[in-house]
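**Q** Just passing along the structure, written as structure tokens.
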Amino acid sequence: MFEKNFCSSPWIHARINNNGSFEYCRWADKSQREHSDRIQNQSVITWFQRGMSPIREQLLQGHRPEGCKPCHDMEAHGKVSGRQKQLLKVGVSDPFDKTMLSSPWLDEFRQAQQRSGDTDLLPQDWQIDLGNYCNSACLFCTPHSSSRLAQDYLRLGRIKQLPPRAWCDDPKLLNEFVDMLSRSPGLAYLHFIGGETMITPAFRRILEAMIAVGLNRRVTIGFTTNLTVWDDDITELLNQFQGVNLGLSVECMSELNDYLRWPSDWPTTQELLERWIKVGESRSWFMQLRVTPTLFSIWHLDSVYRFALQNGLAVESCDFLNEPAWMRITLLPENLRQVARQRLLAVMEDVPVTSMLINTRHPDRYREQINQDCASYVSYLETAPDESHRLPELIKYLHDMEGLRGNSILKYLPEYEEFLRTAGY
Amino acid sequence: MKNFSELLVTDPEIKVELVLGSIIDNGVPHVDLWAQGRRLWKGDLYKDLEFETRMPLMQLVDIQIGMTGKVYSTQRETAVIIRKLALDGFNLVPNHAQATWYDTDQGVQLANFYLGFNGVWRLQLPEPFYRWRHRVTDQGWLLLPQ
């Protein structure tokens, strides 16, 4: 059905991955990543205007591209999806038919239909992957997104070689990309991801380059930091931008966070969290706690929501965790799922909700956003299919990683002992 | 609908609902009601009346209520009250008076839903309704093609 499948994202947004490959959406399934065109061998503009045409055509025909599954999974559990957010940015919400016909983008959709999906537009919203340079090795991350974890994987024989260098390490490519940005008339939002963006040299270079050409006056920057580093220079650069959407990564408000976001330490995390909140409030930045709920952190996810409520912050996760598969919530047995659900339901009781909130970045509606996000995990815990067949992979992974780190999940989650021991831990 | 082409052949309209009430302590107000350049009703408003009409989706909303016949008194009141003005169920009363203005015989321009002077009250949206609704309900960015 057209209403359920259509998405405006390919007219307004694009992504560039660590290896320089282009992707049609920040939320898209990663499985096609290695096969797409790259900045090393194709113009960004040509790729967006022509290379993405098949996706636009599919959507206009009412089909659901394969890579769009993550968003549809989110919607199935009441989680606001990327699709819904991108539709809202072009004025499409409820009722779908009337808001589509009223959208300022209707003619662009019509023209793309007449031209087999081609467009003359340039993205106004970019997801920019800056490589995997990172001082953290979060347990639920991947070598693609963490250089430190990549080293661990290499040492354990889980990968044969380290991921290639990021596209943005090449000054020529970086200059080409910034030049393209400076020629994008409607450019509105750049979201950066690493690695840890604060210590990735390309982040600073891009911010400086954009300030040099005056793009900072109309562009909002989004990024997430792992709460292990601070850089006054970067915060001052950010202060020159039209807006900042700041993501603060934390999995739970306890030392379990150290185990999961290794090798962070809880006192430092708390200190930096407070520091960022203070800076963000003084500069009217939009702030969110960014979580990546796993089968471990789901136990204390309620602590994050409660902290957010106390501090007037939103909580967001990109999607339901897909990789690494053995860290998914769906490995939990029913008895543990039920307890986790109850904890989240207790949060929801404190926060009433009136209607579906799509604009999850409205600073005054963080309470509704929290309720909604919480509810999506309640639904997921209740109905997402069991994947306990992956437990052997999890146990092997824990054995490998804990062997390197000298820690144990049971120190932080004794409640999981029976579950894990039964699985072979 | 199955695809974009099927959407394009639909021709949905916006439902406009209006409920007018009156205060008649000092005489009955005379009302001249227009919507989208067409007169909907003209007469003496003795009691609450409900009106409904439809308009094209992309036409700019333009509703006009003229009130005459009020004799000013500090003791007793005559007025017209807009109890409801809904566009596809979205009621502008009471939170969206910012889209209205009211030229009165007292030389005062007011933005509200209470017509306490002889004059012409008008609602004119500056853009198609659903784009306007996006902005006034804080739905975040509304990007424009460039």
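For the structure tokens, the naming scheme is as follows: chains receive sequential letters (A, B, ...) according to their order of presentation, residues are indexed from 1 within each chain, and ligands are indexed from 1 in presentation order.
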Please provide the set of residues having any atom within 10 Å of Lys85 of chain A, restricted to only C-alpha atoms, with same-chain residues fewer than 6 positions apart removed, written as number ranges by chain.

**A** A: 7-9, 91-93, 358-361; B: 139-140

**Q** Those selected residues, please, written with N, CA and C atoms and delivered as a short mmCIF file (atom, residue, chain, number, x, y, z; two decimals), in the first residue's frame.

**A**
data_model
loop_
_atom_site.label_atom_id
_atom_site.label_comp_id
_atom_site.auth_asym_id
_atom_site.auth_seq_id
_atom_site.Cartn_x
_atom_site.Cartn_y
_atom_site.Cartn_z
N CYS A 7 8.25 6.83 1.02
CA CYS A 7 9.14 7.61 1.87
C CYS A 7 9.75 8.73 1.05
N SER A 8 9.88 9.90 1.66
CA SER A 8 10.43 11.06 0.96
C SER A 8 11.95 11.14 1.05
N SER A 9 12.55 10.24 1.83
CA SER A 9 13.97 10.37 2.12
C SER A 9 14.86 10.46 0.88
N GLY A 91 6.38 17.67 5.16
CA GLY A 91 5.00 18.04 5.46
C GLY A 91 4.00 16.92 5.38
N VAL A 92 4.46 15.68 5.31
CA VAL A 92 3.54 14.55 5.16
C VAL A 92 3.35 13.84 6.48
N SER A 93 2.09 13.76 6.91
CA SER A 93 1.79 13.06 8.16
C SER A 93 0.38 12.47 8.02
N ILE A 358 5.42 12.43 16.11
CA ILE A 358 6.41 12.13 15.08
C ILE A 358 7.62 13.05 15.20
N ASN A 359 7.33 14.31 15.55
CA ASN A 359 8.43 15.26 15.73
C ASN A 359 9.10 14.99 17.08
N THR A 360 9.92 13.93 17.11
CA THR A 360 10.51 13.49 18.37
C THR A 360 11.61 14.44 18.85
N ARG A 361 11.92 15.45 18.05
CA ARG A 361 12.94 16.41 18.46
C ARG A 361 12.33 17.73 18.92
N GLN B 139 5.53 20.91 14.18
CA GLN B 139 5.95 19.61 13.65
C GLN B 139 7.42 19.62 13.18
N GLY B 140 8.12 20.70 13.48
CA GLY B 140 9.54 20.74 13.13
C GLY B 140 9.75 21.31 11.74
#

**Q** Distance limit 10 Å, atoms considered: only C-alpha atoms. Which chain B residues sit that close to chain A? Return them as a PDB file with N, CA and C atoms, in the first residue's frame.

**A**
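As written to disk, result.pdb reads:
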ATOM      1  N   MET B   1      -4.740   3.451  -1.631  1.00  0.00           N
ATOM      2  CA  MET B   1      -4.230   3.642  -2.992  1.00  0.00           C
ATOM      3  C   MET B   1      -2.947   2.849  -3.171  1.00  0.00           C
ATOM      4  N   LYS B   2      -2.702   2.436  -4.377  1.00  0.00           N
ATOM      5  CA  LYS B   2      -1.561   1.525  -4.605  1.00  0.00           C
ATOM      6  C   LYS B   2      -0.269   2.267  -4.883  1.00  0.00           C
ATOM      7  N   ASN B   3      -0.358   3.424  -5.527  1.00  0.00           N
ATOM      8  CA  ASN B   3       0.873   4.112  -5.920  1.00  0.00           C
ATOM      9  C   ASN B   3       0.630   5.605  -6.060  1.00  0.00           C
ATOM     10  N   PHE B   4       1.669   6.305  -6.465  1.00  0.00           N
ATOM     11  CA  PHE B   4       1.629   7.761  -6.565  1.00  0.00           C
ATOM     12  C   PHE B   4       0.617   8.202  -7.615  1.00  0.00           C
ATOM     13  N   SER B   5       0.547   7.491  -8.697  1.00  0.00           N
ATOM     14  CA  SER B   5      -0.397   7.865  -9.766  1.00  0.00           C
ATOM     15  C   SER B   5      -1.821   7.857  -9.255  1.00  0.00           C
ATOM     16  N   GLU B   6      -2.141   6.871  -8.455  1.00  0.00           N
ATOM     17  CA  GLU B   6      -3.515   6.799  -7.922  1.00  0.00           C
ATOM     18  C   GLU B   6      -3.775   7.955  -6.963  1.00  0.00           C
ATOM     19  N   LEU B   7      -2.764   8.365  -6.250  1.00  0.00           N
ATOM     20  CA  LEU B   7      -2.929   9.515  -5.362  1.00  0.00           C
ATOM     21  C   LEU B   7      -3.252  10.769  -6.173  1.00  0.00           C
ATOM     22  N   LEU B   8      -2.578  10.928  -7.295  1.00  0.00           N
ATOM     23  CA  LEU B   8      -2.715  12.159  -8.070  1.00  0.00           C
ATOM     24  C   LEU B   8      -4.109  12.338  -8.656  1.00  0.00           C
ATOM     25  N   THR B  10      -6.860  11.579  -7.122  1.00  0.00           N
ATOM     26  CA  THR B  10      -7.853  11.899  -6.092  1.00  0.00           C
ATOM     27  C   THR B  10      -7.990  13.417  -6.019  1.00  0.00           C
ATOM     28  N   ASP B  11      -9.082  13.872  -5.522  1.00  0.00           N
ATOM     29  CA  ASP B  11      -9.306  15.315  -5.434  1.00  0.00           C
ATOM     30  C   ASP B  11      -9.953  15.627  -4.084  1.00  0.00           C
ATOM     31  N   PRO B  12      -9.200  15.394  -3.027  1.00  0.00           N
ATOM     32  CA  PRO B  12      -9.832  15.551  -1.708  1.00  0.00           C
ATOM     33  C   PRO B  12     -10.106  17.013  -1.380  1.00  0.00           C
ATOM     34  N   GLU B  13     -11.061  17.217  -0.530  1.00  0.00           N
ATOM     35  CA  GLU B  13     -11.416  18.562  -0.103  1.00  0.00           C
ATOM     36  C   GLU B  13     -11.243  18.680   1.404  1.00  0.00           C
ATOM     37  N   ILE B  14     -11.282  19.903   1.857  1.00  0.00           N
ATOM     38  CA  ILE B  14     -11.217  20.178   3.296  1.00  0.00           C
ATOM     39  C   ILE B  14     -12.623  20.463   3.779  1.00  0.00           C
ATOM     40  N   LEU B  57      -8.504  21.523  -1.533  1.00  0.00           N
ATOM     41  CA  LEU B  57      -7.386  21.289  -0.611  1.00  0.00           C
ATOM     42  C   LEU B  57      -6.352  22.411  -0.640  1.00  0.00           C
ATOM     43  N   MET B  58      -5.996  22.871  -1.806  1.00  0.00           N
ATOM     44  CA  MET B  58      -4.881  23.803  -1.923  1.00  0.00           C
ATOM     45  C   MET B  58      -5.323  25.267  -1.959  1.00  0.00           C
ATOM     46  N   ASP B  88     -11.110  20.204   8.615  1.00  0.00           N
ATOM     47  CA  ASP B  88     -10.856  18.748   8.692  1.00  0.00           C
ATOM     48  C   ASP B  88     -10.664  18.299  10.141  1.00  0.00           C
ATOM     49  N   GLU B 127      -1.011  30.183   3.668  1.00  0.00           N
ATOM     50  CA  GLU B 127      -0.536  29.067   2.839  1.00  0.00           C
ATOM     51  C   GLU B 127      -1.578  27.943   2.914  1.00  0.00           C
ATOM     52  N   PRO B 128      -1.481  26.934   2.085  1.00  0.00           N
ATOM     53  CA  PRO B 128      -2.464  25.842   2.146  1.00  0.00           C
ATOM     54  C   PRO B 128      -2.567  25.274   3.559  1.00  0.00           C
ATOM     55  N   PHE B 129      -3.765  24.870   3.905  1.00  0.00           N
ATOM     56  CA  PHE B 129      -4.071  24.520   5.291  1.00  0.00           C
ATOM     57  C   PHE B 129      -3.071  23.542   5.914  1.00  0.00           C
ATOM     58  N   TYR B 130      -2.760  22.438   5.225  1.00  0.00           N
ATOM     59  CA  TYR B 130      -1.929  21.428   5.878  1.00  0.00           C
ATOM     60  C   TYR B 130      -0.490  21.888   6.077  1.00  0.00           C
ATOM     61  N   ARG B 131      -0.016  22.798   5.251  1.00  0.00           N
ATOM     62  CA  ARG B 131       1.314  23.362   5.502  1.00  0.00           C
ATOM     63  C   ARG B 131       1.237  24.306   6.710  1.00  0.00           C
ATOM     64  N   TRP B 132       0.188  25.064   6.782  1.00  0.00           N
ATOM     65  CA  TRP B 132      -0.003  25.969   7.919  1.00  0.00           C
ATOM     66  C   TRP B 132      -0.126  25.165   9.207  1.00  0.00           C
ATOM     67  N   ARG B 133      -0.884  24.081   9.132  1.00  0.00           N
ATOM     68  CA  ARG B 133      -1.068  23.239  10.316  1.00  0.00           C
ATOM     69  C   ARG B 133       0.277  22.675  10.785  1.00  0.00           C
ATOM     70  N   HIS B 134       1.134  22.259   9.880  1.00  0.00           N
ATOM     71  CA  HIS B 134       2.454  21.739  10.208  1.00  0.00           C
ATOM     72  C   HIS B 134       3.219  22.761  11.062  1.00  0.00           C
ATOM     73  N   ARG B 135       3.141  24.003  10.636  1.00  0.00           N
ATOM     74  CA  ARG B 135       3.924  25.023  11.355  1.00  0.00           C
ATOM     75  C   ARG B 135       3.310  25.342  12.715  1.00  0.00           C
ATOM     76  N   ASP B 138       3.870  22.876  15.545  1.00  0.00           N
ATOM     77  CA  ASP B 138       5.255  22.550  15.925  1.00  0.00           C
ATOM     78  C   ASP B 138       5.695  21.173  15.451  1.00  0.00           C
ATOM     79  N   GLN B 139       5.534  20.913  14.178  1.00  0.00           N
ATOM     80  CA  GLN B 139       5.955  19.614  13.652  1.00  0.00           C
ATOM     81  C   GLN B 139       7.417  19.623  13.182  1.00  0.00           C
ATOM     82  N   GLY B 140       8.123  20.701  13.477  1.00  0.00           N
ATOM     83  CA  GLY B 140       9.537  20.741  13.127  1.00  0.00           C
ATOM     84  C   GLY B 140       9.750  21.311  11.740  1.00  0.00           C
ATOM     85  N   TRP B 141      10.900  21.020  11.182  1.00  0.00           N
ATOM     86  CA  TRP B 141      11.262  21.572   9.881  1.00  0.00           C
ATOM     87  C   TRP B 141      10.217  21.237   8.821  1.00  0.00           C
ATOM     88  N   LEU B 142      10.005  22.212   7.934  1.00  0.00           N
ATOM     89  CA  LEU B 142       9.280  21.917   6.700  1.00  0.00           C
ATOM     90  C   LEU B 142      10.226  22.328   5.581  1.00  0.00           C
ATOM     91  N   LEU B 143      10.944  21.352   5.076  1.00  0.00           N
ATOM     92  CA  LEU B 143      11.939  21.639   4.037  1.00  0.00           C
ATOM     93  C   LEU B 143      11.234  22.034   2.748  1.00  0.00           C
ATOM     94  N   LEU B 144      11.905  22.884   1.974  1.00  0.00           N
ATOM     95  CA  LEU B 144      11.375  23.289   0.675  1.00  0.00           C
ATOM     96  C   LEU B 144      12.352  22.869  -0.411  1.00  0.00           C
ATOM     97  N   PRO B 145      11.855  22.425  -1.552  1.00  0.00           N
ATOM     98  CA  PRO B 145      12.764  22.019  -2.627  1.00  0.00           C
ATOM     99  C   PRO B 145      13.542  23.223  -3.139  1.00  0.00           C
ATOM    100  N   GLN B 146      14.813  23.021  -3.382  1.00  0.00           N
ATOM    101  CA  GLN B 146      15.655  24.099  -3.909  1.00  0.00           C
ATOM    102  C   GLN B 146      16.627  23.541  -4.934  1.00  0.00           C
TER     103      GLN B 146
END

**Q** Would you list the contacts of Leu404 of chain A as a list in words, taking every protein, DNA or RNA residue within 10 Å and counting only C-alpha atoms, but skipping same-chain residues closer than 6 positions in sequence?

**A**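 Result of the neighbour search: Asp152, Arg155, Leu156 and Leu398 of chain A.
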
**Q** Which of segment 2-146 of chain B end up as strand (DSSP E or B) when DSSP is run on this backbone - answer as a ChimeraX atom specification?

**A** /B:13-25,27,30-35,38-44,49-56,62-68,78-87,90-91,100-104,109,114-115,119-124

**Q** Please provide the set of residues having any atom within 9 Å of Leu115 of chain B, restricted to only C-alpha atoms, with same-chain residues fewer than 2 positions apart removed, written as a CSV table (one decimal) with N, CA, C and O atoms, in the first residue's frame.

**A**
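Just written: result.csv:
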chain,number,residue,atom,x,y,z
B,67,MET,N,-20.3,41.6,11.2
B,67,MET,CA,-21.3,41.8,12.2
B,67,MET,C,-21.8,43.2,12.2
B,67,MET,O,-21.0,44.1,12.2
B,78,THR,N,-24.2,42.9,23.2
B,78,THR,CA,-24.5,42.1,22.0
B,78,THR,C,-23.2,41.6,21.4
B,78,THR,O,-22.2,42.4,21.3
B,79,ALA,N,-23.1,40.4,21.0
B,79,ALA,CA,-21.9,39.9,20.4
B,79,ALA,C,-22.1,38.6,19.6
B,79,ALA,O,-23.2,38.0,19.8
B,80,VAL,N,-21.2,38.3,18.8
B,80,VAL,CA,-21.2,37.0,18.1
B,80,VAL,C,-20.0,36.2,18.7
B,80,VAL,O,-18.9,36.8,18.8
B,81,ILE,N,-20.2,35.0,19.0
B,81,ILE,CA,-19.1,34.1,19.5
B,81,ILE,C,-18.8,33.0,18.5
B,81,ILE,O,-19.8,32.3,18.1
B,82,ILE,N,-17.6,32.9,18.1
B,82,ILE,CA,-17.2,31.7,17.2
B,82,ILE,C,-16.9,30.6,18.1
B,82,ILE,O,-15.9,30.5,18.8
B,102,TYR,N,-9.6,41.5,12.9
B,102,TYR,CA,-10.9,41.9,13.1
B,102,TYR,C,-10.9,43.5,13.0
B,102,TYR,O,-10.4,44.2,13.8
B,112,ASN,N,-9.2,37.4,17.8
B,112,ASN,CA,-9.8,36.5,18.8
B,112,ASN,C,-11.0,35.9,18.1
B,112,ASN,O,-11.2,36.1,16.9
B,113,PHE,N,-11.8,35.2,18.9
B,113,PHE,CA,-13.0,34.5,18.4
B,113,PHE,C,-14.3,35.1,19.0
B,113,PHE,O,-15.3,34.5,19.0
B,117,PHE,N,-17.8,43.9,18.5
B,117,PHE,CA,-17.9,45.2,17.9
B,117,PHE,C,-18.5,45.0,16.5
B,117,PHE,O,-18.4,43.9,15.9
B,118,ASN,N,-19.2,46.0,16.0
B,118,ASN,CA,-19.6,46.0,14.6
B,118,ASN,C,-18.3,46.0,13.7
B,118,ASN,O,-17.4,46.8,14.0
B,119,GLY,N,-18.2,45.2,12.8
B,119,GLY,CA,-17.0,45.1,11.9
B,119,GLY,C,-17.0,43.8,11.1
B,119,GLY,O,-17.9,43.1,11.0
B,120,VAL,N,-15.8,43.6,10.6
B,120,VAL,CA,-15.6,42.4,9.8
B,120,VAL,C,-14.5,41.6,10.4
B,120,VAL,O,-13.3,42.1,10.5
B,121,TRP,N,-14.7,40.4,10.7
B,121,TRP,CA,-13.8,39.4,11.2
B,121,TRP,C,-13.3,38.5,10.1
B,121,TRP,O,-14.1,38.1,9.3

**Q** Quick one: distance from atom CA of Asp364 of chain A to atom CA of Ile221 of chain A in Å, one decimal?

**A** 19.9 Å

**Q** Do a neighbour search on segment 285-300 of chain A at 6 Å with only C-alpha atoms, toss out local chain neighbours closer than 3 positions, and write the hits as number ranges by chain.

**A** A: 244-252, 280, 303, 313-317, 327-329, 340

**Q** One number please: atom CA of Ser43 of chain A to atom CA of Tyr24 of chain A, in Å, one decimal.

**A**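 Separation between atom CA of Ser43 of chain A and atom CA of Tyr24 of chain A: 14.6 Å.
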
**Q** Ranking A:Trp230, A:Tyr189, A:Phe177, A:Phe203 by minimum distance to Arg218 of chain A and counting only C-alpha atoms, which one comes first?

**A**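 Of all the options, A:Tyr189 lies closest to Arg218 of chain A.
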
**Q** Mind giving me the straight-line distance from atom CA of Leu394 of chain A to atom CA of His144 of chain A in Å, one decimal?

**A** 19.0 Å

**Q** For segment 194-196 of chain A, please output as a list of chain:residue names all residues within 9 Å (counting only C-alpha atoms; exclusion window: fewer than 3 positions along the same chain).

**A**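 Once the adjacent positions are removed, what remains is A:Asn18, A:Ile128, A:Asp129, A:Leu130, A:Gly131, A:Asn132, A:Tyr133, A:Cys134, A:Asn135, A:Ser136, A:His144, A:Ser145, A:Ser146, A:Ser147, A:Ile199, A:Thr200, A:Phe223, A:Thr224, A:Thr225, A:Asn226, A:Val229.
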
**Q** For Ala137 of chain A, please output as a list of chain:residue names all residues within 9 Å (counting only C-alpha atoms; exclusion window: fewer than 4 positions along the same chain).

**A**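 Those residues are A:Cys141, A:Thr142, A:Pro143, A:Ser146, A:Ser147, A:Arg148, A:Leu149, A:Ala150, A:Asp152, A:Leu260, A:Arg261, A:Trp262, A:Pro263.
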
**Q** Write the selection just made, keeping C-alpha atoms, as a PDB file, in the first residue's frame?

**A**
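Saved result, out.pdb, follows:
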ATOM      1  CA  CYS A 141      29.522  -2.300  18.377  1.00  0.00           C
ATOM      2  CA  THR A 142      31.223  -3.617  15.260  1.00  0.00           C
ATOM      3  CA  PRO A 143      34.755  -3.243  13.829  1.00  0.00           C
ATOM      4  CA  SER A 146      35.176   1.139  16.267  1.00  0.00           C
ATOM      5  CA  SER A 147      38.898   0.948  15.520  1.00  0.00           C
ATOM      6  CA  ARG A 148      39.574  -0.220  19.043  1.00  0.00           C
ATOM      7  CA  LEU A 149      37.070  -3.043  18.786  1.00  0.00           C
ATOM      8  CA  ALA A 150      38.465  -3.871  15.364  1.00  0.00           C
ATOM      9  CA  ASP A 152      40.209  -6.805  19.520  1.00  0.00           C
ATOM     10  CA  LEU A 260      28.935  -2.418  27.829  1.00  0.00           C
ATOM     11  CA  ARG A 261      30.739   0.753  26.731  1.00  0.00           C
ATOM     12  CA  TRP A 262      34.188  -0.529  27.589  1.00  0.00           C
ATOM     13  CA  PRO A 263      36.552   0.973  28.723  1.00  0.00           C
TER      14      PRO A 263
END
